[in-house]
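*Asks:* One file is attached below, upload_7.csv, containing CSV, C-alpha atoms.
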chain,number,residue,atom,x,y,z
A,220,MET,CA,-10.5,12.8,22.8
A,221,SER,CA,-10.5,14.1,19.3
A,222,LEU,CA,-7.7,13.1,17.0
A,223,LEU,CA,-5.0,15.6,16.3
A,224,LEU,CA,-5.2,16.4,12.6
A,225,LYS,CA,-1.8,17.0,11.0
A,226,PRO,CA,-1.8,17.6,7.2
A,227,ILE,CA,1.9,17.3,6.4
A,228,SER,CA,3.2,17.3,2.9
A,229,ARG,CA,2.0,14.1,1.1
A,230,VAL,CA,1.0,12.4,4.4
A,231,PHE,CA,-2.0,13.2,6.6
A,232,LEU,CA,-1.6,12.0,10.2
A,233,PHE,CA,-4.5,11.3,12.5
A,234,GLN,CA,-2.9,10.7,15.8
A,235,SER,CA,-4.7,9.9,19.0
A,236,ASN,CA,-3.4,11.4,22.2
A,237,PHE,CA,-5.1,9.1,24.7
A,238,GLN,CA,-3.1,6.8,26.7
A,239,ASN,CA,17.1,0.0,-21.1
A,240,PRO,CA,15.8,3.5,-21.8
A,241,ARG,CA,14.2,3.0,-25.2
A,242,ALA,CA,12.1,0.2,-23.8
A,243,ILE,CA,10.6,2.5,-21.2
A,244,PRO,CA,7.0,3.0,-22.4
A,245,ASN,CA,5.3,6.4,-22.8
A,246,PHE,CA,2.5,6.5,-20.3
A,247,SER,CA,1.2,9.8,-21.6
A,248,SER,CA,-0.6,7.9,-24.3
A,249,VAL,CA,-3.1,6.9,-21.6
A,250,SER,CA,-4.7,10.3,-21.8
A,251,ALA,CA,-6.9,9.3,-24.8
A,252,SER,CA,-6.4,12.4,-26.9
A,253,CYS,CA,-5.3,16.0,-26.9
A,254,SER,CA,-9.0,17.0,-26.8
A,255,SER,CA,-9.8,14.8,-23.8
A,256,SER,CA,-6.8,16.1,-22.0
A,257,TYR,CA,-7.9,19.6,-22.6
A,258,GLU,CA,-11.4,18.8,-21.3
A,259,ALA,CA,-9.8,17.2,-18.2
A,260,GLN,CA,-7.7,20.3,-17.5
A,261,LYS,CA,-10.8,22.5,-17.7
A,262,MET,CA,-12.4,20.3,-15.0
A,263,VAL,CA,-9.3,20.6,-12.9
A,264,ARG,CA,-9.5,24.4,-12.9
A,265,GLN,CA,-13.1,24.3,-11.6
A,266,PHE,CA,-11.4,23.8,-8.2
A,267,ASP,CA,-9.5,26.6,-6.7
A,268,PRO,CA,-7.0,25.6,-4.0
A,269,LYS,CA,-6.2,29.2,-3.1
A,270,ILE,CA,-9.6,29.8,-1.5
A,271,PRO,CA,-9.5,29.3,2.3
A,272,ILE,CA,-11.3,26.2,3.5
A,273,GLU,CA,-14.0,28.3,5.2
A,274,GLN,CA,-15.0,29.7,1.8
A,275,ALA,CA,-14.0,26.9,-0.5
A,276,ILE,CA,-16.2,24.6,-2.5
A,277,THR,CA,-15.3,21.0,-3.1
A,278,PRO,CA,-14.2,19.7,-6.6
A,279,PRO,CA,-17.0,19.2,-9.1
A,280,SER,CA,-18.8,15.9,-9.6
A,281,SER,CA,-16.9,15.4,-12.9
A,282,TRP,CA,-13.8,14.6,-10.9
A,283,TYR,CA,-15.5,11.5,-9.7
A,284,ALA,CA,-17.3,10.2,-12.8
A,285,ASP,CA,-15.9,11.6,-16.1
A,286,PRO,CA,-13.8,9.0,-18.1
A,287,SER,CA,-11.5,11.6,-19.6
A,288,PHE,CA,-10.7,13.0,-16.1
A,289,TYR,CA,-10.0,9.5,-14.9
A,290,ALA,CA,-7.5,8.8,-17.7
A,291,PHE,CA,-5.8,12.2,-17.1
A,292,GLU,CA,-5.6,11.4,-13.4
A,293,LEU,CA,-3.9,8.0,-14.0
A,294,ASP,CA,-1.2,9.7,-16.1
A,295,ARG,CA,-0.6,12.6,-13.8
A,296,VAL,CA,-1.0,11.0,-10.4
A,297,PHE,CA,-0.4,7.2,-10.5
A,298,TYR,CA,2.2,7.0,-13.2
A,299,ARG,CA,4.5,9.4,-11.4
A,300,GLY,CA,6.3,9.1,-8.1
A,301,TRP,CA,6.4,6.2,-5.7
A,302,GLN,CA,3.3,4.1,-5.2
A,303,ALA,CA,2.7,1.4,-2.6
A,304,VAL,CA,1.8,-1.9,-4.3
A,305,GLY,CA,2.3,-4.6,-1.7
A,306,HIS,CA,4.4,-5.8,1.3
A,307,THR,CA,7.6,-7.7,1.9
A,308,GLN,CA,5.9,-10.8,3.2
A,309,GLN,CA,4.7,-11.4,-0.3
A,310,ILE,CA,8.3,-11.8,-1.5
A,311,LYS,CA,9.9,-13.1,1.7
A,312,GLU,CA,11.7,-16.1,0.1
A,313,PRO,CA,13.8,-16.5,-3.1
A,314,ASN,CA,11.6,-17.1,-6.2
A,315,ASP,CA,8.5,-15.5,-4.5
A,316,PHE,CA,6.5,-13.2,-6.7
A,317,PHE,CA,3.3,-11.2,-6.8
A,318,SER,CA,1.5,-9.4,-9.6
A,319,GLY,CA,-0.9,-6.6,-9.8
A,320,ARG,CA,-2.4,-3.8,-11.9
A,321,LEU,CA,-2.4,0.0,-11.5
A,322,GLY,CA,-4.4,1.7,-14.1
A,323,ASN,CA,-3.4,0.1,-17.4
A,324,VAL,CA,0.0,-1.0,-16.0
A,325,GLU,CA,0.3,-4.8,-15.3
A,326,PHE,CA,3.3,-5.4,-13.1
A,327,LEU,CA,5.1,-8.2,-11.3
A,328,VAL,CA,7.5,-8.1,-8.3
A,329,CYS,CA,9.8,-10.9,-7.5
A,330,ARG,CA,12.9,-12.0,-5.4
A,331,ASP,CA,15.6,-13.9,-7.2
A,332,ASP,CA,17.9,-16.7,-5.9
A,333,ASP,CA,20.3,-14.2,-4.6
A,334,GLY,CA,17.6,-12.3,-2.7
A,335,LYS,CA,17.5,-9.3,-5.0
A,336,ILE,CA,14.1,-7.7,-5.5
A,337,ALA,CA,13.1,-6.7,-9.0
A,338,ALA,CA,9.9,-5.4,-10.7
A,339,PHE,CA,8.8,-5.6,-14.3
A,340,HIS,CA,5.9,-5.0,-16.6
A,341,ASN,CA,3.9,-8.3,-16.6
A,342,VAL,CA,3.7,-8.4,-20.4
A,343,CYS,CA,5.5,-10.8,-22.7
A,344,ARG,CA,7.6,-9.0,-25.3
A,345,HIS,CA,6.4,-11.4,-28.1
A,346,HIS,CA,2.6,-10.8,-28.4
A,347,ALA,CA,1.7,-9.0,-25.2
A,348,SER,CA,0.2,-11.9,-23.2
A,349,LEU,CA,0.2,-11.5,-19.4
A,350,LEU,CA,2.9,-13.7,-18.0
A,351,VAL,CA,1.6,-14.5,-14.5
A,352,SER,CA,-1.4,-13.8,-12.2
A,353,GLY,CA,-1.8,-13.7,-8.5
A,354,SER,CA,1.2,-14.6,-6.4
A,355,GLY,CA,3.4,-17.7,-5.7
A,356,LYS,CA,6.8,-19.1,-6.4
A,357,LYS,CA,8.6,-19.5,-9.7
A,358,SER,CA,12.1,-20.0,-10.9
A,359,CYS,CA,11.3,-18.3,-14.3
A,360,PHE,CA,8.4,-16.7,-16.0
A,361,THR,CA,7.0,-18.6,-19.0
A,362,CYS,CA,4.4,-17.0,-21.3
A,363,PRO,CA,1.3,-19.2,-21.5
A,364,TYR,CA,0.7,-18.1,-25.1
A,365,HIS,CA,3.8,-19.1,-27.0
A,366,GLY,CA,6.3,-20.1,-24.3
A,367,TRP,CA,8.8,-17.3,-24.3
A,368,THR,CA,10.6,-17.6,-21.0
A,369,TYR,CA,12.3,-15.0,-18.8
A,370,GLY,CA,14.6,-15.2,-15.8
A,371,LEU,CA,13.8,-13.5,-12.5
A,372,ASN,CA,16.2,-10.8,-13.6
A,373,GLY,CA,13.9,-10.1,-16.6
A,374,ALA,CA,16.3,-11.5,-19.2
A,375,LEU,CA,14.9,-13.4,-22.2
A,376,ARG,CA,16.0,-17.1,-21.8
A,377,LYS,CA,14.1,-18.7,-24.6
A,378,ALA,CA,12.2,-17.4,-27.6
A,379,THR,CA,10.0,-19.7,-29.6
A,380,ARG,CA,8.7,-19.3,-33.2
A,381,ILE,CA,11.6,-17.0,-34.3
A,382,SER,CA,12.8,-19.1,-37.2
A,383,GLY,CA,13.4,-16.8,-40.2
A,384,ILE,CA,13.2,-13.6,-38.1
A,385,GLN,CA,15.7,-11.0,-39.0
A,386,ASP,CA,17.5,-8.4,-36.8
A,387,PHE,CA,16.4,-10.1,-33.6
A,388,ILE,CA,18.7,-9.4,-30.6
A,389,ALA,CA,17.6,-11.4,-27.7
A,390,ASN,CA,19.0,-9.2,-25.0
A,391,GLU,CA,16.9,-6.3,-26.3
A,392,PHE,CA,13.7,-8.3,-25.6
A,393,GLY,CA,13.9,-8.8,-21.9
A,394,LEU,CA,11.0,-7.8,-19.6
A,395,ILE,CA,10.6,-4.0,-19.2
A,396,PRO,CA,11.8,-3.1,-15.7
A,397,ILE,CA,10.1,-0.9,-13.2
A,398,LYS,CA,11.9,0.9,-10.4
A,399,VAL,CA,11.2,-0.8,-7.1
A,400,ALA,CA,12.1,0.1,-3.5
A,401,ILE,CA,11.4,-1.1,0.1
A,402,TRP,CA,10.4,1.1,3.0
A,403,GLY,CA,9.7,-0.7,6.2
A,404,PRO,CA,7.4,-3.6,5.3
A,405,PHE,CA,6.1,-1.9,2.1
A,406,VAL,CA,7.0,-2.5,-1.5
A,407,LEU,CA,6.9,0.6,-3.7
A,408,LEU,CA,7.0,1.1,-7.4
A,409,ASN,CA,7.9,4.1,-9.5
A,410,MET,CA,6.6,4.1,-13.1
A,411,ASP,CA,7.9,7.5,-14.1
A,412,LYS,CA,9.3,7.0,-17.6
A,413,GLU,CA,12.0,9.6,-16.9
A,414,ILE,CA,13.5,7.6,-14.0
A,415,LEU,CA,15.6,4.6,-15.2
A,416,PRO,CA,15.4,1.4,-13.1
A,417,GLU,CA,19.2,1.2,-13.1
A,418,ASP,CA,19.5,4.3,-11.0
A,419,ASN,CA,20.8,3.7,-7.4
A,420,ILE,CA,18.0,3.8,-4.9
A,421,ASP,CA,18.6,5.7,-1.6
A,422,THR,CA,16.3,4.6,1.2
A,423,ASP,CA,16.3,8.1,2.8
A,424,GLN,CA,15.5,9.7,-0.5
A,425,ILE,CA,12.6,7.2,-1.0
A,426,ALA,CA,11.3,8.1,2.5
A,427,SER,CA,11.6,11.8,1.7
A,428,GLU,CA,9.8,11.5,-1.7
A,429,TRP,CA,7.1,9.1,-0.5
A,430,LEU,CA,6.5,10.3,3.1
A,431,GLY,CA,7.7,13.8,3.1
A,432,SER,CA,8.5,15.1,6.6
A,433,CYS,CA,6.6,12.3,8.3
A,434,SER,CA,8.9,9.3,7.9
A,435,GLU,CA,10.4,9.7,11.3
A,436,ILE,CA,7.0,10.1,13.0
A,437,LEU,CA,5.9,6.8,11.4
A,438,ARG,CA,9.1,5.1,12.5
A,439,LEU,CA,8.7,6.3,16.1
A,440,ASN,CA,5.1,4.9,16.1
A,441,GLY,CA,6.3,1.4,15.1
A,442,VAL,CA,5.1,1.5,11.5
A,443,ASP,CA,8.4,0.0,10.2
A,444,SER,CA,8.9,-2.3,13.1
A,445,PRO,CA,8.8,-6.1,12.6
A,446,LEU,CA,5.3,-7.4,12.7
A,447,THR,CA,3.7,-10.7,11.9
A,448,TYR,CA,1.6,-10.7,8.7
A,449,VAL,CA,-2.0,-12.0,9.4
A,450,CYS,CA,-4.1,-11.9,6.3
A,451,ARG,CA,-5.5,-9.9,3.4
A,452,ARG,CA,-9.1,-8.8,2.6
A,453,GLU,CA,-10.2,-7.3,-0.7
A,454,TYR,CA,-13.3,-5.4,-1.6
A,455,ILE,CA,-14.5,-4.1,-5.0
A,456,ILE,CA,-16.5,-1.0,-4.4
A,457,GLU,CA,-18.7,0.8,-6.9
A,458,CYS,CA,-17.3,4.2,-6.3
A,459,ASN,CA,-14.5,6.5,-7.5
A,460,TRP,CA,-11.2,5.8,-5.6
A,461,LYS,CA,-11.2,9.4,-4.2
A,462,ILE,CA,-14.5,8.9,-2.4
A,463,PHE,CA,-12.9,6.2,-0.2
A,464,GLU,CA,-10.5,8.7,1.5
A,465,LYS,CA,-11.1,6.8,4.7
A,466,VAL,CA,-14.3,8.7,4.1
A,467,SER,CA,-13.7,9.6,7.4
A,468,ILE,CA,-12.5,12.2,9.6
A,469,GLN,CA,-12.2,10.0,12.6
A,470,SER,CA,-12.6,10.8,16.2
A,471,VAL,CA,-11.6,8.4,19.0
A,472,GLU,CA,-12.7,8.5,22.5
A,473,GLY,CA,-10.1,7.5,25.1
A,474,GLY,CA,-11.2,5.5,28.1
A,475,SER,CA,-9.9,3.9,31.2
A,476,LYS,CA,-8.1,0.6,31.0
A,477,GLU,CA,-11.3,-1.1,32.2
A,478,THR,CA,-13.3,0.2,29.2
A,479,GLN,CA,-10.6,0.1,26.6
A,480,ASP,CA,-11.1,-2.0,23.5
A,481,ASP,CA,-8.2,-4.5,23.6
A,482,ARG,CA,-8.1,-4.4,19.8
A,483,LEU,CA,-7.4,-0.7,19.7
A,484,GLY,CA,-5.2,-0.4,22.8
A,485,SER,CA,-4.4,3.0,24.4
A,486,LYS,CA,-2.4,4.6,21.5
A,487,ALA,CA,-3.1,4.9,17.8
A,488,LEU,CA,-1.8,6.6,14.7
A,489,TYR,CA,-3.6,6.9,11.4
A,490,ALA,CA,-1.8,8.1,8.4
A,491,PHE,CA,-3.1,8.8,4.9
A,492,ILE,CA,-0.2,8.8,2.4
A,493,TYR,CA,-1.0,10.6,-0.8
A,494,PRO,CA,-2.5,9.6,-3.1
A,495,ASN,CA,-4.1,6.2,-2.2
A,496,PHE,CA,-2.5,4.5,0.8
A,497,MET,CA,-3.5,4.4,4.5
A,498,ILE,CA,-1.6,3.1,7.5
A,499,ASN,CA,-3.4,2.5,10.7
A,500,ARG,CA,-1.3,1.6,13.8
A,501,TYR,CA,-3.3,0.9,16.9
A,502,GLY,CA,-2.6,-1.3,19.9
A,503,PRO,CA,-0.9,-4.4,18.8
A,504,TRP,CA,-2.3,-4.1,15.3
A,505,MET,CA,-1.3,-2.4,12.0
A,506,ASP,CA,-3.5,-2.5,9.0
A,507,THR,CA,-3.0,-0.9,5.6
A,508,ASN,CA,-5.6,0.1,3.1
A,509,LEU,CA,-4.5,0.4,-0.6
A,510,LEU,CA,-7.0,2.0,-3.0
A,511,ILE,CA,-6.6,0.8,-6.6
A,512,PRO,CA,-8.6,2.7,-9.2
A,513,LEU,CA,-10.4,0.3,-11.6
A,514,GLY,CA,-12.4,3.0,-13.5
A,515,PRO,CA,-14.1,6.3,-13.0
A,516,ARG,CA,-16.8,4.6,-10.9
A,517,LYS,CA,-15.0,1.5,-9.4
A,518,CYS,CA,-12.1,0.8,-7.1
A,519,LEU,CA,-10.5,-2.1,-5.3
A,520,VAL,CA,-9.6,-1.7,-1.7
A,521,VAL,CA,-7.0,-4.0,-0.3
A,522,PHE,CA,-6.6,-4.4,3.5
A,523,ASP,CA,-3.5,-6.1,4.9
A,524,TYR,CA,-3.4,-6.9,8.6
A,525,PHE,CA,-0.2,-7.2,10.7
A,526,LEU,CA,0.1,-8.0,14.4
A,527,GLU,CA,2.7,-7.9,17.1
A,528,ALA,CA,4.4,-11.3,17.3
A,529,SER,CA,3.5,-12.0,20.9
A,530,LEU,CA,-0.2,-12.3,19.9
A,531,LYS,CA,0.1,-14.3,16.7
A,532,GLU,CA,-1.1,-17.5,18.3
A,533,ASP,CA,-4.1,-15.9,19.9
A,534,LYS,CA,-6.7,-17.1,17.4
A,535,ALA,CA,-9.7,-15.9,19.3
A,536,PHE,CA,-8.3,-12.4,19.6
A,537,ILE,CA,-7.4,-12.3,15.9
A,538,GLU,CA,-10.8,-13.6,14.8
A,539,ARG,CA,-12.7,-11.1,17.0
A,540,SER,CA,-10.6,-8.2,15.8
A,541,LEU,CA,-11.1,-9.2,12.1
A,542,VAL,CA,-14.9,-9.5,12.6
A,543,ASP,CA,-15.0,-6.0,14.1
A,544,SER,CA,-12.9,-4.7,11.2
A,545,GLU,CA,-15.1,-6.4,8.6
A,546,ARG,CA,-18.2,-4.8,10.1
A,547,ILE,CA,-16.7,-1.3,9.8
A,548,GLN,CA,-15.6,-2.0,6.2
A,549,MET,CA,-19.1,-3.0,5.2
A,550,GLU,CA,-20.5,0.1,6.7
A,551,ASP,CA,-18.0,2.2,4.8
A,552,ILE,CA,-18.7,0.4,1.5
A,553,THR,CA,-22.4,1.2,1.8
A,554,LEU,CA,-21.7,4.8,2.6
A,555,CYS,CA,-19.2,5.2,-0.3
A,556,GLU,CA,-21.4,3.6,-2.9
A,557,GLY,CA,-24.3,5.9,-1.8
A,558,VAL,CA,-22.1,8.9,-2.2
A,559,GLN,CA,-21.0,7.9,-5.7
A,560,ARG,CA,-24.7,7.6,-6.8
A,561,GLY,CA,-25.4,10.9,-5.2
A,562,ILE,CA,-22.5,12.6,-6.9
A,563,GLU,CA,-23.8,11.4,-10.3
A,564,SER,CA,-27.3,12.9,-9.6
A,565,PRO,CA,-28.1,16.0,-11.6
A,566,ALA,CA,-29.0,17.6,-8.3
A,567,TYR,CA,-25.4,17.7,-7.2
A,568,CYS,CA,-22.4,19.6,-8.6
A,569,THR,CA,-20.2,20.8,-5.7
A,570,GLY,CA,-20.3,20.8,-2.0
A,571,ARG,CA,-18.7,22.6,1.0
A,572,TYR,CA,-16.1,21.6,3.6
A,573,ALA,CA,-16.6,21.4,7.4
A,574,PRO,CA,-13.6,23.6,8.3
A,575,ARG,CA,-12.9,22.1,11.7
A,576,VAL,CA,-12.9,18.5,10.7
A,577,GLU,CA,-12.2,18.3,7.0
A,578,MET,CA,-8.8,20.0,6.8
A,579,ALA,CA,-7.2,16.7,5.5
A,580,MET,CA,-9.8,16.3,2.8
A,581,HIS,CA,-9.2,19.9,1.6
A,582,HIS,CA,-5.4,19.3,1.8
A,583,PHE,CA,-5.8,16.1,-0.3
A,584,HIS,CA,-7.8,18.0,-2.9
A,585,CYS,CA,-5.1,20.7,-3.1
A,586,LEU,CA,-2.4,18.1,-3.5
A,587,LEU,CA,-4.4,16.5,-6.3
A,588,TYR,CA,-4.9,19.8,-8.0
A,589,ASP,CA,-1.2,20.5,-7.9
A,590,ASN,CA,-0.5,17.1,-9.4
A,591,LEU,CA,-3.0,17.5,-12.2
A,592,ILE,CA,-2.2,21.1,-13.1
A,593,SER,CA,1.6,20.6,-13.4
In C-alpha cells, how does this file's structure come out?
*Replies:*
Amino acid sequence: MSLLLKPISRVFLFQSNFQNPRAIPNFSSVSASCSSSYEAQKMVRQFDPKIPIEQAITPPSSWYADPSFYAFELDRVFYRGWQAVGHTQQIKEPNDFFSGRLGNVEFLVCRDDDGKIAAFHNVCRHHASLLVSGSGKKSCFTCPYHGWTYGLNGALRKATRISGIQDFIANEFGLIPIKVAIWGPFVLLNMDKEILPEDNIDTDQIASEWLGSCSEILRLNGVDSPLTYVCRREYIIECNWKIFEKVSIQSVEGGSKETQDDRLGSKALYAFIYPNFMINRYGPWMDTNLLIPLGPRKCLVVFDYFLEASLKEDKAFIERSLVDSERIQMEDITLCEGVQRGIESPAYCTGRYAPRVEMAMHHFHCLLYDNLIS
C-alpha cells in the first residue's frame, strides 16, 4: 500500500497503513556582506510558492551550489528556531557532554552534577580556542590553549595570563549560553539571538514550535517512548543538504505475516521535521537522520538507531537490520552525489514536480522560501 502523505506545518508525515544578553553573538554577520545577501534574495525569488504544484517549477540550481545562498540560508534557517542536535543518551549521566557544529556555530551540551542540562558555545572567551571535541565525561572544561577553565554551568573558574589586565570582571567572561530543551529522546538547541537562555522553557511550547500540529501523532506512534539506544552511523556526502530530503518519496508494500520483514514490522511512521531532521519509526526500531550542512556542496548525515528493550540482546537481529540499513544508505549516497553533479551542470537550471508523489518536497520548498524571504 502506498504511504499516506501528510504535509503538516513544519513536519511531513509518511505513515504506512498496513497492519547575559550583551554576550549573545550577532549571527547575521554570517551573511558575508550586504551585496551577497541581496544576491541571495534574488535567487530566493526565482521560486514562486504560490504556483500550484501541477504548474510549479523547482528552485533553481543556485539554491544548491551558490556560496552566498548557503551563507544566507544558515542565517535565516539554522540560526533561528529549534534545531535537533543530539539525543538524551549522550548526556545520560552527570558530567556527560557532547559537542557539535552547525554552520559556523560550535556548541557543547552537558549535564552537571545536579542533573541540569545546559548548552554553550564551544569557544574559550580568552583567544577563541575550541574547548572540547567529540563526547565524553568532564567535571569542568579546560581550554587546551592557555588553560582557562569553566564549570559545567559555564562560569569562568580560572583565568591564566591575566596579570596586569585592567577592567577584567571574571563573571562577565563565562561561556556564552545557548537555549536548550528536551522533547522525547531528542536534544534541541535554539540559537536565536533574540531569545535569552534564561527564559523559562515550556515543553508544550517547544513541541508546538518544533513539531507544529504533529507532536501528538508522534507521541501516539511511540516516538517519545523509552527505547534502547543501539549505535550511531555517520556519512559525509558530497551534496547540498537539501538534496538529501530522504530523496525519497517512499512507498511501502504491506504483506502477510509470513512475508513481512521482521525489521520493518507491520506498522511504520516516517516524519520529516523541517528543516533537517527525520524520524523513522517502524516495527521495533526507530532511527533518526540528522542533516548537517558543511558547505554548499557537502553535508554530514548522522543516523542514530534505537530499539525496543525486549530485543536489545538479540545481536543477530540487530546486526542483520543494520546491514540492511547500511545498504540502503549507500544507495542513497550514490544517488544524492549524482544529483549534485547534475545540478551543477550547465544543462540544468530548474525541474518539475511529480504532483501525486512530490507534495512533501514542494511543501518543503515553500517552507524554505518563507524562511528565506522573511
*Asks:* Please measure the separation of CA of Cys555 in chain A and CA of Ile511 in chain A, giving the value in Å to one decimal.
*Replies:*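 About the pair CA of Cys555 in chain A and CA of Ile511 in chain A: they are 14.8 Å apart.
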*Asks:* Here is a test: counting all atoms listed in the file, which residue of A:Leu591, A:Asn499, A:Arg320, A:Pro313 is nearest to Ala290 in chain A?
*Replies:* A:Leu591
*Asks:* Select, from A:Val442, A:Asp331, A:Val520, A:Leu408, the residue with the minimum atom-to-atom distance to Asp551 in chain A, counting all atoms listed in the file.
*Replies:*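 The closest residue to Asp551 in chain A is A:Val520.
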*Asks:* Select, from A:Leu510, A:Cys450, A:Ala490, A:Ala566, the residue with the minimum atom-to-atom distance to Lys531 in chain A, counting only C-alpha atoms.
*Replies:* A:Cys450
*Asks:* I'd like the interatomic distance between CA of Leu446 in chain A and CA of Leu530 in chain A, to a tenth of an Å.
*Replies:*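 Between these atoms lies a distance of 10.3 Å.
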*Asks:* Provide the CA of Ile456 in chain A to CA of Lys398 in chain A distance in Å, to one decimal place.
*Replies:*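 The value is 29.1 Å.
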*Asks:* Measuring atom to atom with all atoms listed in the file, identify which of A:Ala303, A:Ile384, A:Cys343, A:Leu439 is nearest to Trp402 in chain A.
*Replies:*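 For Trp402 in chain A, the nearest of the candidates is A:Ala303.
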*Asks:* For a quick check of understanding, using only C-alpha atoms, which of A:Glu550, A:Asp333, A:His306, A:Cys362 has the smallest distance to Ala347 in chain A?
*Replies:*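 Answer, going by the shortest atom-to-atom distance: A:Cys362.
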*Asks:* Is it possible to get the residues within 12 Å of (15.1, -17.7, -28.0) (coordinates as in the file, counting all atoms listed in the file) written as a list in words?
*Replies:*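 Using all atoms listed in the file, the matching residues come out as Arg344, His345, His365, Gly366, Trp367, Thr368, Tyr369, Ala374, Leu375, Arg376, Lys377, Ala378, Thr379, Arg380, Ile381, Ser382, Ile384, Phe387, Ile388, Ala389, Asn390, Glu391, Phe392 and Gly393 of chain A.
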*Asks:* List the spatial neighbours of range 328-330 of chain A as a list of chain:residue names - criterion: any atom at most 8 Å away, all atoms listed in the file, same-chain residues fewer than 2 positions off excluded.
*Replies:*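 That gives A:Ile310, A:Lys311, A:Glu312, A:Pro313, A:Asn314, A:Asp315, A:Phe316, A:Phe317, A:Ser318, A:Phe326, A:Asp332, A:Asp333, A:Gly334, A:Lys335, A:Ile336, A:Ala337, A:Ala338, A:Phe339, A:Leu371.
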*Asks:* Have a look at A:Ser529, A:Gln424, A:Ser348, A:Thr507 and name the one nearest to Ser544 in chain A; count all atoms listed in the file.
*Replies:* A:Thr507
*Asks:* Given the point (-2.5, 15.2, -6.7) in the file's coordinates, find the residues that have an atom at most 9 Å from it, counting only C-alpha atoms, and give them as an mmCIF file with C-alpha atoms, in the coordinates of the input.
*Replies:*
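part20.cif, written as the output of this step:
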data_model
loop_
_atom_site.group_PDB
_atom_site.id
_atom_site.type_symbol
_atom_site.label_atom_id
_atom_site.label_comp_id
_atom_site.auth_asym_id
_atom_site.auth_seq_id
_atom_site.Cartn_x
_atom_site.Cartn_y
_atom_site.Cartn_z
ATOM 1 C CA GLU A 292 -5.600 11.400 -13.400
ATOM 2 C CA ARG A 295 -0.600 12.600 -13.800
ATOM 3 C CA VAL A 296 -1.000 11.000 -10.400
ATOM 4 C CA TYR A 493 -1.000 10.600 -0.800
ATOM 5 C CA PRO A 494 -2.500 9.600 -3.100
ATOM 6 C CA PHE A 583 -5.800 16.100 -0.300
ATOM 7 C CA HIS A 584 -7.800 18.000 -2.900
ATOM 8 C CA CYS A 585 -5.100 20.700 -3.100
ATOM 9 C CA LEU A 586 -2.400 18.100 -3.500
ATOM 10 C CA LEU A 587 -4.400 16.500 -6.300
ATOM 11 C CA TYR A 588 -4.900 19.800 -8.000
ATOM 12 C CA ASP A 589 -1.200 20.500 -7.900
ATOM 13 C CA ASN A 590 -0.500 17.100 -9.400
ATOM 14 C CA LEU A 591 -3.000 17.500 -12.200
ATOM 15 C CA ILE A 592 -2.200 21.100 -13.100
#
*Asks:* Name all residues at most 7 Å from Arg452 in chain A (count all atoms listed in the file; drop same-chain ones fewer than 3 positions away) and give them as JSON, numbers by chain.
*Replies:* {"A": [521, 522, 523]}
